[in-house]
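Heads up: the structure comes next, in structure tokens.
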Amino acid sequence: SMSHPTDSDCIFCKIVAGTIPCHRLYEDDQVLSFLDVAPLSRGHALVIPKGHWVTVDQLPDEVGAAIGAVLPRLSREVCKAVGASAWNILQNNGKAAHQAVGHVHFHIIPRTGDAGLGIHWPAGQVDRDDAAKLAKTISTATAKK
């Protein structure tokens with residue numbers, strides 16, 4: 001099996017190591033998925049890299065790809081199992097953005113009746129000149145070298 005960075009104080013690393021039990025949904029070399037112990041709705045699942053990285057920007061490309069490959073399949077199976085036709089995928093980075101556990105995790109949250117994720121979305125308006133500058137800066141920086 002592959003070696004991953006770990007943090008002995010991290011609850012998700014303890015779940016990966018098997019020292020804390022979980023209701024496992026999926027596992028491969030890079031990725032583990034299990035039911036959230038404090039669900040917003042029935043079937044609320046977590047998808048995590050087995051390695052310890054705190055925020056998504058720290059993930060190696062191949063680990064991000066491994067998580068991305070599993071999200072569609074888990075979304076289908078979780079929603080099928082609980083009879084949901086709508087769901088959210090949520091991923092928080094940093095305490096100010098409501099990240100409660102300092103290990104990258106994606107939530108799959110089925111919407112069943114009133115149960116699920118509530119979102120307040122105070123939409124603004126884009127500034128066209130600023131958007132053009134921003135897009136140029138980001139696209140230049142993220143282009144594969």
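By order in the structure tokens, chains are A, B, ...; within a chain, residues start at 1; ligands start at 1, following the order shown.
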
| field | Sel. of helix (DSSP H, G or I) residues, chain A, as JSON, numbers by chain | value | {"A": [11, 12, 13, 14, 15, 16, 17, 56, 57, 58, 61, 62, 63, 64, 65, 66, 67, 68, 69, 70, 71, 72, 73, 74, 75, 76, 77, 78, 79, 80, 81, 82, 95, 96, 97, 128, 129, 130, 131, 132, 133, 134, 135, 136, 137, 138, 139, 140, 141, 142]}

| strand (DSSP E) positions in stretch 7-104 of chain A, given as a PyMOL selection string | chain A and resi 24-27+31-35+45-49+86-91

Using only C-alpha atoms, I'd like a table of the residues in stretch 15-108 of chain A that come within 12 Å of stretch 117-124 of chain A; for each, show the closest atom pair and its distance in Å rounded to one decimal, ordered by chain and ascending number, as CSV.
```
residue,atom,partner,partner_atom,distance
A:Pro39,CA,A:Leu117,CA,10.0
A:Leu40,CA,A:Leu117,CA,6.6
A:Ser41,CA,A:Leu117,CA,8.2
A:Arg42,CA,A:Leu117,CA,11.7
A:His44,CA,A:Leu117,CA,10.0
A:Ala86,CA,A:Leu117,CA,10.8
A:Trp87,CA,A:Leu117,CA,8.4
A:Asn88,CA,A:Leu117,CA,7.1
A:Ile89,CA,A:Leu117,CA,9.5
A:Leu90,CA,A:Leu117,CA,8.9
A:His107,CA,A:Leu117,CA,10.1
A:Ile108,CA,A:Leu117,CA,9.9
```

Selection to disk with all heavy atoms, as a compact mmCIF listing (two decimals), in the first residue's frame:
```txt
# COMPACT_ATOMS: atom_id res chain seq x y z
N PRO A 39 -24.83 13.75 10.54
CA PRO A 39 -25.36 14.02 9.20
C PRO A 39 -26.40 15.14 9.15
O PRO A 39 -27.18 15.31 10.08
CB PRO A 39 -26.01 12.68 8.82
CG PRO A 39 -26.39 12.06 10.13
CD PRO A 39 -25.31 12.47 11.09
N LEU A 40 -26.40 15.87 8.03
CA LEU A 40 -27.46 16.84 7.74
C LEU A 40 -28.68 16.13 7.16
O LEU A 40 -29.78 16.67 7.19
CB LEU A 40 -26.97 17.90 6.74
CG LEU A 40 -25.87 18.84 7.22
CD1 LEU A 40 -25.53 19.84 6.13
CD2 LEU A 40 -26.30 19.57 8.49
N SER A 41 -28.47 14.95 6.60
CA SER A 41 -29.57 14.14 6.05
C SER A 41 -29.11 12.69 6.01
O SER A 41 -27.91 12.40 6.13
CB SER A 41 -29.95 14.62 4.64
OG SER A 41 -28.84 14.50 3.76
N ARG A 42 -30.05 11.78 5.83
CA ARG A 42 -29.72 10.36 5.75
C ARG A 42 -28.83 10.12 4.53
O ARG A 42 -29.16 10.57 3.43
CB ARG A 42 -31.02 9.54 5.64
CG ARG A 42 -30.78 8.05 5.66
CD ARG A 42 -32.08 7.29 5.92
NE ARG A 42 -31.83 5.86 5.95
CZ ARG A 42 -32.10 5.03 4.94
NH1 ARG A 42 -32.68 5.47 3.84
NH2 ARG A 42 -31.81 3.74 5.04
N HIS A 44 -25.67 11.23 4.31
CA HIS A 44 -24.62 12.25 4.28
C HIS A 44 -23.26 11.55 4.42
O HIS A 44 -22.99 10.89 5.41
CB HIS A 44 -24.86 13.24 5.42
CG HIS A 44 -23.86 14.35 5.52
ND1 HIS A 44 -24.10 15.48 6.28
CD2 HIS A 44 -22.62 14.53 4.98
CE1 HIS A 44 -23.06 16.30 6.21
NE2 HIS A 44 -22.14 15.74 5.42
N ALA A 86 -31.76 14.83 -5.57
CA ALA A 86 -30.97 16.07 -5.50
C ALA A 86 -29.98 15.93 -4.35
O ALA A 86 -30.26 15.25 -3.37
CB ALA A 86 -31.88 17.27 -5.29
N TRP A 87 -28.82 16.56 -4.51
CA TRP A 87 -27.79 16.49 -3.46
C TRP A 87 -26.79 17.60 -3.67
O TRP A 87 -26.70 18.18 -4.74
CB TRP A 87 -27.10 15.12 -3.47
CG TRP A 87 -26.16 14.89 -4.62
CD1 TRP A 87 -24.78 14.99 -4.59
CD2 TRP A 87 -26.49 14.55 -5.97
NE1 TRP A 87 -24.27 14.72 -5.84
CE2 TRP A 87 -25.29 14.45 -6.70
CE3 TRP A 87 -27.71 14.32 -6.63
CZ2 TRP A 87 -25.26 14.14 -8.06
CZ3 TRP A 87 -27.68 14.01 -7.98
CH2 TRP A 87 -26.47 13.92 -8.68
N ASN A 88 -26.05 17.92 -2.60
CA ASN A 88 -24.97 18.88 -2.68
C ASN A 88 -23.64 18.17 -2.47
O ASN A 88 -23.55 17.22 -1.69
CB ASN A 88 -25.09 19.95 -1.59
CG ASN A 88 -26.32 20.82 -1.77
OD1 ASN A 88 -27.37 20.52 -1.23
ND2 ASN A 88 -26.17 21.88 -2.53
N ILE A 89 -22.61 18.66 -3.16
CA ILE A 89 -21.24 18.29 -2.84
C ILE A 89 -20.62 19.57 -2.28
O ILE A 89 -20.63 20.61 -2.93
CB ILE A 89 -20.46 17.80 -4.08
CG1 ILE A 89 -21.06 16.46 -4.56
CG2 ILE A 89 -18.97 17.64 -3.74
CD1 ILE A 89 -20.43 15.92 -5.82
N LEU A 90 -20.14 19.48 -1.04
CA LEU A 90 -19.63 20.64 -0.32
C LEU A 90 -18.19 20.38 0.10
O LEU A 90 -17.87 19.28 0.56
CB LEU A 90 -20.49 20.90 0.91
CG LEU A 90 -20.06 22.01 1.87
CD1 LEU A 90 -20.20 23.38 1.21
CD2 LEU A 90 -20.87 21.94 3.16
N HIS A 107 -18.11 16.66 1.28
CA HIS A 107 -19.39 16.15 1.77
C HIS A 107 -20.27 15.82 0.57
O HIS A 107 -20.35 16.61 -0.38
CB HIS A 107 -20.14 17.23 2.56
CG HIS A 107 -19.46 17.69 3.80
ND1 HIS A 107 -19.78 17.19 5.04
CD2 HIS A 107 -18.49 18.61 4.01
CE1 HIS A 107 -19.05 17.81 5.97
NE2 HIS A 107 -18.25 18.67 5.36
N ILE A 108 -20.93 14.68 0.61
CA ILE A 108 -22.04 14.39 -0.31
C ILE A 108 -23.29 14.41 0.56
O ILE A 108 -23.41 13.60 1.48
CB ILE A 108 -21.88 13.02 -1.00
CG1 ILE A 108 -20.63 13.00 -1.89
CG2 ILE A 108 -23.13 12.69 -1.82
CD1 ILE A 108 -20.33 11.64 -2.51
```

| query | Hey, which of A:Asn93, A:Thr140, A:Ser75, A:Gln30 ends up closest to A:Asp61? Count only C-alpha atoms. | reply |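 When distances to A:Asp61 are compared using only C-alpha atoms, the smallest one comes from A:Gln30.
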
| field | Length of the atom CA of A:Gly43 to atom CA of A:Gly116 vector [Å] | value |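 Value for the atom CA of A:Gly43-atom CA of A:Gly116 distance: 9.9 Å.
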
| request: Would you list the contacts of A:Asp29 as a list of chain:residue names, taking every protein, DNA or RNA residue within 10 Å and counting only C-alpha atoms, but skipping same-chain residues closer than 3 positions in sequence? | output: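 Once the nearby chain positions are removed, what remains is A:Ser1, A:Met2, A:Ser3, A:His4, A:Leu32, A:Pro49, A:Lys50, A:Gly51, A:Val63, A:Ala66.
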
With N, CA, C and O atoms retained, export the selected residues as a PDB file, in the first residue's frame.
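What follows is the written file again-v1.pdb:
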```
ATOM      1  N   SER A   1       0.843  -1.204   0.000  1.00  0.00           N
ATOM      2  CA  SER A   1       0.000   0.000   0.000  1.00  0.00           C
ATOM      3  C   SER A   1       0.877   1.253   0.000  1.00  0.00           C
ATOM      4  O   SER A   1       2.028   1.224   0.415  1.00  0.00           O
ATOM      5  N   MET A   2       0.326   2.358  -0.473  1.00  0.00           N
ATOM      6  CA  MET A   2       1.086   3.598  -0.600  1.00  0.00           C
ATOM      7  C   MET A   2       1.296   4.242   0.762  1.00  0.00           C
ATOM      8  O   MET A   2       0.501   4.065   1.661  1.00  0.00           O
ATOM      9  N   SER A   3       2.371   5.014   0.923  1.00  0.00           N
ATOM     10  CA  SER A   3       2.540   5.768   2.155  1.00  0.00           C
ATOM     11  C   SER A   3       2.005   7.175   1.922  1.00  0.00           C
ATOM     12  O   SER A   3       2.131   7.730   0.834  1.00  0.00           O
ATOM     13  N   HIS A   4       1.379   7.708   2.950  1.00  0.00           N
ATOM     14  CA  HIS A   4       0.734   9.015   2.866  1.00  0.00           C
ATOM     15  C   HIS A   4       1.207   9.864   4.031  1.00  0.00           C
ATOM     16  O   HIS A   4       1.523   9.330   5.090  1.00  0.00           O
ATOM     17  N   LEU A  32     -10.855   7.373   0.771  1.00  0.00           N
ATOM     18  CA  LEU A  32     -11.765   6.666   1.673  1.00  0.00           C
ATOM     19  C   LEU A  32     -13.059   7.456   1.766  1.00  0.00           C
ATOM     20  O   LEU A  32     -13.033   8.689   1.823  1.00  0.00           O
ATOM     21  N   PRO A  49      -9.079  12.202   1.098  1.00  0.00           N
ATOM     22  CA  PRO A  49      -7.841  11.555   0.692  1.00  0.00           C
ATOM     23  C   PRO A  49      -7.303  10.800   1.906  1.00  0.00           C
ATOM     24  O   PRO A  49      -7.474  11.249   3.044  1.00  0.00           O
ATOM     25  N   LYS A  50      -6.660   9.664   1.687  1.00  0.00           N
ATOM     26  CA  LYS A  50      -6.084   8.917   2.808  1.00  0.00           C
ATOM     27  C   LYS A  50      -4.913   9.674   3.426  1.00  0.00           C
ATOM     28  O   LYS A  50      -4.652   9.560   4.616  1.00  0.00           O
ATOM     29  N   GLY A  51      -4.210  10.456   2.619  1.00  0.00           N
ATOM     30  CA  GLY A  51      -3.119  11.273   3.143  1.00  0.00           C
ATOM     31  C   GLY A  51      -3.648  12.505   3.842  1.00  0.00           C
ATOM     32  O   GLY A  51      -4.755  12.970   3.562  1.00  0.00           O
ATOM     33  N   VAL A  63      -3.941  12.982  -6.463  1.00  0.00           N
ATOM     34  CA  VAL A  63      -4.874  12.735  -5.361  1.00  0.00           C
ATOM     35  C   VAL A  63      -6.204  13.454  -5.642  1.00  0.00           C
ATOM     36  O   VAL A  63      -7.285  12.890  -5.442  1.00  0.00           O
ATOM     37  N   ALA A  66      -7.985  11.392  -8.129  1.00  0.00           N
ATOM     38  CA  ALA A  66      -8.543  10.167  -7.544  1.00  0.00           C
ATOM     39  C   ALA A  66      -9.865  10.453  -6.829  1.00  0.00           C
ATOM     40  O   ALA A  66     -10.827   9.683  -6.944  1.00  0.00           O
TER      41      ALA A  66
END
```
